[in-house]
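Novice: Sharing input_9.cif below, mmCIF, C-alpha atoms:
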data_data
loop_
_atom_site.label_atom_id
_atom_site.label_comp_id
_atom_site.auth_asym_id
_atom_site.auth_seq_id
_atom_site.Cartn_x
_atom_site.Cartn_y
_atom_site.Cartn_z
CA MET M 1 10.13 6.59 16.95
CA ILE M 2 12.80 4.28 15.52
CA LYS M 3 12.94 2.14 12.37
CA LEU M 4 14.07 -1.49 12.66
CA GLY M 5 13.68 -4.18 10.02
CA GLY M 6 11.82 -1.76 7.77
CA ILE M 7 9.17 -1.17 10.49
CA TRP M 8 8.64 2.00 12.50
CA TRP M 9 8.43 1.31 16.25
CA SER M 10 6.94 3.90 18.59
CA PHE M 11 5.54 4.29 22.10
CA HIS M 12 1.94 5.28 22.61
CA PRO M 13 1.60 8.26 25.03
CA LEU M 14 -0.17 5.89 27.46
CA PHE M 15 3.02 3.81 27.68
CA VAL M 16 5.06 6.96 28.35
CA LEU M 17 2.75 7.88 31.23
CA VAL M 18 3.15 4.41 32.72
CA MET M 19 6.94 4.73 32.39
CA LEU M 20 6.94 8.05 34.23
CA ALA M 21 4.69 6.65 36.95
CA SER M 22 7.00 3.64 37.40
CA ILE M 23 10.03 5.90 37.87
CA VAL M 24 8.22 7.96 40.48
CA THR M 25 7.01 4.88 42.38
CA GLY M 26 10.31 2.97 42.13
CA TYR M 27 9.09 0.13 39.89
CA PHE M 28 11.39 0.81 36.94
CA VAL M 29 12.82 -2.75 36.79
CA GLU M 30 9.30 -4.15 36.69
CA LEU M 31 8.47 -1.74 33.88
CA LEU M 32 11.50 -2.87 31.85
CA THR M 33 10.32 -6.46 32.31
CA LEU M 34 6.83 -5.46 31.23
CA PHE M 35 8.31 -3.70 28.19
CA ALA M 36 10.26 -6.85 27.24
CA ILE M 37 7.11 -8.99 27.56
CA VAL M 38 5.10 -6.57 25.42
CA LEU M 39 7.89 -6.42 22.83
CA VAL M 40 8.11 -10.22 22.48
CA HIS M 41 4.29 -10.37 22.34
CA GLU M 42 4.31 -7.89 19.48
CA LEU M 43 7.18 -9.62 17.67
CA GLY M 44 4.95 -12.71 17.55
CA HIS M 45 2.44 -10.67 15.56
CA VAL M 46 5.10 -9.17 13.31
CA PHE M 47 6.86 -12.43 12.40
CA THR M 48 3.55 -14.18 11.71
CA ALA M 49 2.36 -11.27 9.58
CA LYS M 50 5.66 -11.27 7.66
CA GLY M 51 5.25 -15.02 7.14
CA PHE M 52 1.98 -14.31 5.32
CA GLY M 53 3.66 -11.66 3.20
CA TRP M 54 2.06 -8.70 4.97
CA ARG M 55 3.87 -5.38 4.78
CA VAL M 56 4.01 -4.03 8.33
CA ARG M 57 4.37 -0.23 8.38
CA GLU M 58 4.41 0.65 12.06
CA VAL M 59 4.07 -0.95 15.48
CA LYS M 60 2.88 1.28 18.31
CA LEU M 61 3.63 -0.18 21.75
CA LEU M 62 1.07 0.10 24.55
CA PRO M 63 1.40 -1.04 28.20
CA PHE M 64 -0.75 -4.09 27.44
CA GLY M 65 0.36 -4.93 23.90
CA GLY M 66 0.61 -3.01 20.68
CA VAL M 67 -1.09 -1.92 17.49
CA ALA M 68 0.37 -2.86 14.12
CA GLU M 69 -0.45 -0.99 10.93
CA VAL M 70 -0.13 -2.97 7.70
CA GLU M 71 -0.15 -1.86 4.08
CA GLU M 72 -2.89 -4.34 3.20
CA GLY M 73 -5.34 -2.81 5.68
CA SER M 74 -8.60 -4.77 5.82
CA GLY M 75 -7.87 -6.64 2.60
CA VAL M 76 -6.22 -9.60 4.33
CA PRO M 77 -8.10 -12.93 4.67
CA ALA M 78 -9.93 -13.51 7.96
CA ARG M 79 -7.97 -16.73 8.60
CA GLU M 80 -4.65 -14.89 8.34
CA GLU M 81 -5.87 -12.08 10.59
CA ALA M 82 -6.94 -14.62 13.22
CA LEU M 83 -3.58 -16.42 13.14
CA VAL M 84 -1.64 -13.16 13.37
CA ALA M 85 -3.84 -12.07 16.28
CA ILE M 86 -3.40 -15.28 18.29
CA ALA M 87 0.38 -15.29 17.68
CA GLY M 88 0.84 -12.55 20.31
CA PRO M 89 -0.83 -14.31 23.27
CA LEU M 90 0.98 -17.53 22.32
CA GLN M 91 4.27 -15.77 23.09
CA ASN M 92 2.96 -15.08 26.58
CA VAL M 93 2.26 -18.79 27.03
CA TRP M 94 5.85 -19.92 26.52
CA MET M 95 7.29 -16.95 28.46
CA ALA M 96 5.01 -17.73 31.41
CA GLY M 97 6.05 -21.38 31.19
CA ILE M 98 9.76 -20.53 31.28
CA ALA M 99 9.26 -18.17 34.23
CA TRP M 100 7.40 -20.87 36.16
CA LEU M 101 10.11 -23.45 35.32
CA PHE M 102 12.93 -21.10 36.39
CA GLY M 103 11.14 -20.46 39.67
CA THR M 104 10.62 -24.16 40.28
CA LEU M 105 14.28 -24.98 39.54
CA GLY M 106 15.51 -22.14 41.73
CA ILE M 107 17.17 -20.26 38.87
CA TRP M 108 14.97 -17.28 39.73
CA SER M 109 13.55 -16.38 43.10
CA HIS M 110 9.97 -17.53 43.61
CA GLU M 111 8.84 -13.91 43.94
CA TRP M 112 10.43 -12.78 40.68
CA ALA M 113 9.32 -15.88 38.77
CA ALA M 114 5.78 -15.36 40.06
CA TYR M 115 5.84 -11.72 38.91
CA VAL M 116 7.02 -12.64 35.39
CA TRP M 117 4.59 -15.50 34.78
CA GLN M 118 1.70 -13.58 36.29
CA ALA M 119 2.51 -10.57 34.11
CA ASN M 120 2.50 -12.82 31.04
CA VAL M 121 -0.81 -14.41 32.02
CA MET M 122 -2.32 -10.99 32.66
CA ILE M 123 -1.13 -9.51 29.36
CA GLY M 124 -2.08 -12.61 27.37
CA LEU M 125 -5.58 -12.88 28.84
CA PHE M 126 -6.18 -9.14 28.70
CA ASN M 127 -5.35 -9.10 25.00
CA LEU M 128 -7.93 -11.83 24.40
CA LEU M 129 -10.77 -9.57 25.54
CA PRO M 130 -13.24 -8.99 22.64
CA ILE M 131 -12.28 -5.34 22.24
CA LEU M 132 -10.61 -3.78 19.23
CA PRO M 133 -7.71 -3.22 18.68
CA LEU M 134 -6.84 -6.00 21.17
CA ASP M 135 -6.09 -9.46 19.81
CA GLY M 136 -9.43 -10.74 21.08
CA GLY M 137 -11.16 -7.96 19.16
CA LYS M 138 -9.40 -9.00 15.98
CA LEU M 139 -10.35 -12.63 16.58
CA LEU M 140 -13.94 -11.46 17.11
CA GLN M 141 -13.80 -9.46 13.89
CA ALA M 142 -12.44 -12.43 11.95
CA GLY M 143 -15.22 -14.62 13.37
CA LEU M 144 -17.96 -12.08 12.63
CA SER M 145 -16.79 -11.85 9.03
CA ARG M 146 -17.66 -15.54 8.59
CA VAL M 147 -21.36 -14.86 9.24
CA LEU M 148 -21.86 -11.16 8.46
CA THR M 149 -21.18 -8.84 5.57
CA PHE M 150 -17.98 -6.82 5.89
CA TYR M 151 -19.96 -3.67 6.62
CA GLY M 152 -21.89 -5.53 9.31
CA THR M 153 -18.60 -6.80 10.73
CA LEU M 154 -17.33 -3.23 11.08
CA VAL M 155 -20.55 -2.09 12.77
CA TRP M 156 -20.92 -4.99 15.21
CA GLY M 157 -17.20 -5.25 15.92
CA SER M 158 -17.23 -1.61 17.03
CA ARG M 159 -20.46 -1.99 19.03
CA ILE M 160 -19.23 -5.04 20.93
CA SER M 161 -15.89 -3.33 21.57
CA LEU M 162 -17.68 -0.25 22.92
CA LEU M 163 -19.83 -2.42 25.19
CA PHE M 164 -16.87 -4.29 26.70
CA SER M 165 -14.88 -1.06 27.07
CA LEU M 166 -17.74 0.35 29.14
CA LEU M 167 -17.92 -2.85 31.20
CA MET M 168 -14.19 -2.59 31.87
CA MET M 169 -14.59 0.98 33.13
CA LEU M 170 -17.54 -0.02 35.32
CA TYR M 171 -15.50 -2.86 36.80
CA ALA M 172 -12.71 -0.39 37.55
CA ILE M 173 -15.00 1.96 39.51
CA VAL M 174 -17.02 -0.72 41.34
CA PRO M 175 -15.08 -0.10 44.61
CA ALA M 176 -16.13 3.56 44.55
CA MET M 177 -19.73 2.67 43.72
CA GLN M 178 -19.77 0.36 46.75
CA GLY M 179 -18.66 3.15 49.03
CA ARG M 180 -15.04 2.07 49.39
CA ASN M 181 -12.09 4.37 49.51
CA ALA M 182 -11.36 5.94 46.11
CA VAL M 183 -7.73 4.84 46.47
CA HIS M 184 -8.86 1.29 45.72
CA ILE M 185 -10.19 2.25 42.31
CA HIS M 186 -8.25 0.46 39.60
CA MET M 187 -6.97 3.63 37.97
CA ASN M 188 -4.83 1.82 35.41
CA LEU M 189 -7.76 -0.31 34.27
CA LEU M 190 -9.99 2.76 34.19
CA ALA M 191 -7.46 4.63 32.03
CA VAL M 192 -7.09 1.69 29.64
CA GLY M 193 -10.86 1.26 29.46
CA LEU M 194 -11.30 4.93 28.65
CA PHE M 195 -8.59 4.72 25.98
CA LEU M 196 -10.28 1.71 24.37
CA LEU M 197 -13.68 3.39 24.57
CA LEU M 198 -12.45 6.53 22.81
CA THR M 199 -10.54 4.48 20.24
CA ASN M 200 -13.61 2.43 19.33
CA TRP M 201 -15.93 5.44 19.37
CA THR M 202 -13.61 7.10 16.84
CA ALA M 203 -13.55 3.89 14.77
CA TYR M 204 -17.35 3.67 14.92
CA ARG M 205 -17.68 7.20 13.58
CA ASN M 206 -15.12 6.42 10.87
CA ILE M 207 -16.84 3.26 9.59
CA PRO M 208 -17.56 4.90 6.19
CA PHE M 209 -13.84 5.63 5.79
CA LEU M 210 -12.85 2.11 6.94
CA PHE M 211 -15.36 0.62 4.49
CA LEU M 212 -13.96 2.78 1.68
CA ARG M 213 -10.49 1.49 2.53
CA PHE M 214 -11.82 -2.05 2.29
CA LEU M 215 -13.29 -1.33 -1.16
CA THR M 216 -10.06 0.25 -2.36
CA SER M 217 -7.97 -2.76 -1.31
CA ARG M 218 -10.62 -5.10 -2.74
CA ALA M 219 -10.43 -3.43 -6.14
CA ILE M 220 -6.69 -4.12 -6.19
CA SER M 221 -6.84 -7.71 -4.93
CA ALA M 222 -9.85 -8.93 -6.96
CA SER M 223 -7.81 -9.48 -10.12
CA ARG M 224 -5.32 -11.65 -8.20
CA VAL M 225 -8.15 -13.71 -6.73
CA VAL M 226 -9.77 -14.29 -10.13
CA ALA M 227 -6.42 -15.27 -11.65
CA ARG M 228 -6.20 -18.19 -9.20
CA GLY M 229 -9.75 -19.32 -9.95
CA VAL M 230 -12.43 -18.95 -7.32
CA TRP M 231 -16.05 -19.82 -6.63
CA ALA M 232 -18.21 -16.71 -6.93
CA MET M 233 -20.93 -15.85 -4.43
CA PRO M 234 -23.85 -14.19 -6.25
CA ILE M 235 -25.58 -11.15 -4.83
CA ILE M 236 -29.13 -10.93 -6.21
CA ILE M 237 -30.66 -7.46 -6.17
CA PRO M 238 -33.78 -5.79 -7.65
CA LYS M 239 -33.26 -3.37 -10.51
CA GLY M 240 -33.71 -0.27 -8.35
CA TYR M 241 -31.08 -1.26 -5.78
CA THR M 242 -28.41 1.38 -5.15
CA ILE M 243 -24.66 0.96 -5.42
CA GLN M 244 -24.20 1.75 -1.72
CA SER M 245 -26.71 -0.87 -0.56
CA THR M 246 -25.13 -3.46 -2.85
CA LEU M 247 -21.58 -2.75 -1.71
CA GLN M 248 -22.69 -3.18 1.89
CA LEU M 249 -23.66 -6.78 1.03
CA PHE M 250 -20.04 -7.69 0.20
CA ARG M 251 -18.44 -10.39 2.35
CA ARG M 252 -14.82 -10.41 3.31
CA ASP M 253 -13.40 -13.60 1.81
CA SER M 254 -15.82 -14.00 -1.08
CA TYR M 255 -15.80 -12.93 -4.71
CA HIS M 256 -19.18 -11.64 -5.91
CA LEU M 257 -21.20 -11.50 -9.09
CA ILE M 258 -24.01 -8.97 -8.95
CA VAL M 259 -27.22 -10.37 -10.46
CA ILE M 260 -29.89 -7.76 -11.26
CA MET M 261 -33.40 -9.18 -11.48
CA GLU M 262 -36.86 -7.86 -12.33
CA ASP M 263 -39.88 -8.49 -10.12
CA LYS M 264 -40.96 -11.38 -12.34
CA GLY M 265 -37.60 -13.10 -11.90
CA ASP M 266 -36.04 -12.23 -15.26
CA ILE M 267 -32.31 -11.50 -15.13
CA LEU M 268 -31.49 -8.05 -16.49
CA GLY M 269 -27.74 -8.43 -16.22
CA VAL M 270 -24.76 -9.83 -14.33
CA LEU M 271 -22.00 -7.53 -13.12
CA PRO M 272 -18.58 -8.59 -11.79
CA GLU M 273 -17.75 -6.96 -8.51
CA GLN M 274 -14.75 -5.10 -9.92
CA ARG M 275 -17.01 -3.13 -12.23
CA LEU M 276 -19.28 -2.16 -9.35
CA VAL M 277 -16.38 -1.13 -7.10
CA ASN M 278 -14.56 0.73 -9.88
CA GLY M 279 -17.77 2.46 -10.91
CA PHE M 280 -18.25 3.72 -7.38
CA LEU M 281 -14.61 4.73 -6.88
CA ALA M 282 -14.61 6.61 -10.20
CA ASP M 283 -17.18 9.22 -9.16
CA GLY M 284 -18.21 8.43 -5.58
CA ARG M 285 -21.91 8.40 -6.45
CA ALA M 286 -23.25 5.63 -4.23
CA ASP M 287 -26.91 6.63 -4.36
CA ARG M 288 -27.53 5.75 -8.01
CA ALA M 289 -28.96 2.40 -9.15
CA VAL M 290 -26.56 -0.42 -10.01
CA LEU M 291 -28.44 -0.82 -13.32
CA GLU M 292 -27.00 2.53 -14.46
CA LEU M 293 -23.56 0.92 -14.73
CA PHE M 294 -24.86 -1.00 -17.75
CA MET M 295 -25.72 2.22 -19.59
#
Translate the structure described by the file into structure tokens.
Specialist:
Amino acid sequence: MIKLGGIWWSFHPLFVLVMLASIVTGYFVELLTLFAIVLVHELGHVFTAKGFGWRVREVKLLPFGGVAEVEEGSGVPAREEALVAIAGPLQNVWMAGIAWLFGTLGIWSHEWAAYVWQANVMIGLFNLLPILPLDGGKLLQAGLSRVLTFYGTLVWGSRISLLFSLLMMLYAIVPAMQGRNAVHIHMNLLAVGLFLLLTNWTAYRNIPFLFLRFLTSRAISASRVVARGVWAMPIIIPKGYTIQSTLQLFRRDSYHLIVIMEDKGDILGVLPEQRLVNGFLADGRADRAVLELFM
């Protein structure tokens, strides 16, 4: 692990395994090229994130891309997350274009140019698969947050990622299922699919923690949002509604006012979201009624 530009850069163990395999098989130059492509891909994410004022803590490099950890966590706007996510594959577009041009002009051999542009196309398209933490998964998550609550976004983002991870693994073992020689199994794809499956299964089990992280960052950012002036989205709940159920109705890029109503339609009170979040974070009691925060 090294620190450059205030960011820790590290290799995921999966990348190390690929490096060792490339040395054994004599494809070390190709691996260095792959590393350079992945690095530029990831720098696209980092520079775009920095442009939005994100504080990037660490970038962990994988054979097919990387994973960046930011201080803001899930508190960033969906639009910014989408732009940061797409910035990586866009680097593969121009690198593939240059490789094709160099091959056409004879600056590079046709074989080497073909390898470089194909590697860029492969990495760019692979990262657009709707699987977290790939760029496509982040784009999916940003899109889901436009129509679902944030809690629902976490749940369905993980479920869709698990589904496509399983489909990737099935695609990798199709040759074996069809009675072909096991050598033809796409072992790299199978390993990546298994890694993504385990990653998303862990994330699925940790949804309560991820949601708590969202609430913590929201409590900090709400005051800044209100200071700029913002339209509030009301959440209307009955008087017996719990804090947990109400928090799970929060949407990502919205500011909420909690309206508590009786069965007859009378308003018992209006609560700003900061008070609800702070009330929950103060004692962690999510099973009590929101109305108790008025007492």
Novice: The PyMOL selection byres ((chain M and resi 165) around 7) - which residues does that actually catch in the file I just gave you? List them as an mmCIF file with C-alpha atoms, in the coordinates of the input.
Specialist:
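Wrote expr_38.cif, looks like this:
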data_model
loop_
_atom_site.group_PDB
_atom_site.id
_atom_site.type_symbol
_atom_site.label_atom_id
_atom_site.label_comp_id
_atom_site.auth_asym_id
_atom_site.auth_seq_id
_atom_site.Cartn_x
_atom_site.Cartn_y
_atom_site.Cartn_z
ATOM 1 C CA ILE M 131 -12.280 -5.340 22.240
ATOM 2 C CA SER M 161 -15.890 -3.330 21.570
ATOM 3 C CA LEU M 162 -17.680 -0.250 22.920
ATOM 4 C CA LEU M 163 -19.830 -2.420 25.190
ATOM 5 C CA PHE M 164 -16.870 -4.290 26.700
ATOM 6 C CA LEU M 166 -17.740 0.350 29.140
ATOM 7 C CA LEU M 167 -17.920 -2.850 31.200
ATOM 8 C CA MET M 168 -14.190 -2.590 31.870
ATOM 9 C CA MET M 169 -14.590 0.980 33.130
ATOM 10 C CA GLY M 193 -10.860 1.260 29.460
ATOM 11 C CA LEU M 196 -10.280 1.710 24.370
ATOM 12 C CA LEU M 197 -13.680 3.390 24.570
#
Novice: Using all atoms listed in the file, find the one residue out of M:Gln244, M:Ser221, M:Gln274, M:Thr48 that sits nearest to Leu83 (chain M).
Specialist: M:Thr48
Novice: Could you list, as a list in words, every residue within 6 Å of Arg57 (chain M), counting all atoms listed in the file and ignoring same-chain residues fewer than 4 positions away?
Specialist: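 The residues that qualify are Ile7, Glu69 and Val70 of chain M.
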Novice: List the residues selected by the PyMOL selection byres ((chain M and resi 260) around 10) in the file shown, writing them as a ChimeraX atom specification.
Specialist: /M:235-241,257-259,261-262,265-271,290-291
Novice: For a quick check of understanding, using only C-alpha atoms, which of M:Asp253, M:Ile86, M:Gly103, M:Ala172 has the smallest distance to Ala49 (chain M)?
Specialist: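 Of M:Asp253, M:Ile86, M:Gly103, M:Ala172, the one nearest Ala49 (chain M), counting only C-alpha atoms, is M:Ile86.
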Novice: Which is closer to Leu189 (chain M) than all the others in M:Phe214, M:Phe126, M:Tyr151, M:Pro208, using only C-alpha atoms?
Specialist: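 The shortest atom-to-atom distance to Leu189 (chain M) comes from M:Phe126.
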Novice: Rounded to one decimal place, report the CA of Lys60 (chain M)-CA of Leu134 (chain M) distance in Å.
Specialist: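 It comes out at 12.5 Å.
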Novice: Excluding Asn92 (chain M) and residues on its chain fewer than 4 positions from it, collect all residues at most 7 Å away from it, counting all atoms listed in the file, and give them as JSON, numbers by chain.
Specialist: {"M": [41, 96, 120, 121, 124]}
Novice: Any chance you can output those residues with C-alpha atoms as a CSV table (one decimal), keeping the file's coordinate frame?
Specialist:
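See again.csv below for the written result:
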chain,number,residue,atom,x,y,z
M,41,HIS,CA,4.3,-10.4,22.3
M,96,ALA,CA,5.0,-17.7,31.4
M,120,ASN,CA,2.5,-12.8,31.0
M,121,VAL,CA,-0.8,-14.4,32.0
M,124,GLY,CA,-2.1,-12.6,27.4
Novice: Starting from the shown file, work through the PyMOL selection byres ((chain M and resi 40) around 10) and note down what comes out as a PyMOL selection string.
Specialist: chain M and resi 35-39+41-46+65+88-89+91-92+95
Novice: Nearest residue to Ala232 (chain M) out of M:Gly279, M:Pro272, M:Gly143, M:Gly284, using only C-alpha atoms?
Specialist: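 Nearest candidate to Ala232 (chain M) out of M:Gly279, M:Pro272, M:Gly143, M:Gly284: M:Pro272.
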Novice: Give me the box for region 73-85 of chain M as AutoDock Vina command-line options, namely the centre and edge lengths in Å to one decimal of a box along x, y and z that holds every listed atom plus 4 Å on each side.
Specialist:
--center_x -5.8 --center_y -9.8 --center_z 9.4 --size_x 16.3 --size_y 21.9 --size_z 21.7
Novice: For Arg218 (chain M), which of M:Ala203, M:Lys138, M:Ala113, M:Gly75 is the closest residue, counting only C-alpha atoms?
Specialist: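 Using only C-alpha atoms, the shortest distance to Arg218 (chain M) belongs to M:Gly75.
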Novice: What does the distance from CA of Leu144 (chain M) to CA of Arg252 (chain M) come to in Å, to one decimal?
Specialist: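 Distance reported for this atom pair: 10.0 Å.
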Novice: As an exercise, work out the distance from CA of Thr153 (chain M) to CA of His256 (chain M) in Å and give it to one decimal place.
Specialist: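 Taking CA of Thr153 (chain M) and CA of His256 (chain M), their separation equals 17.3 Å.
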Novice: Considering all atoms listed in the file, can you say which of M:Leu62, M:Leu34, M:Asp283, M:Trp9 comes closest to Val192 (chain M)?
Specialist: M:Leu62
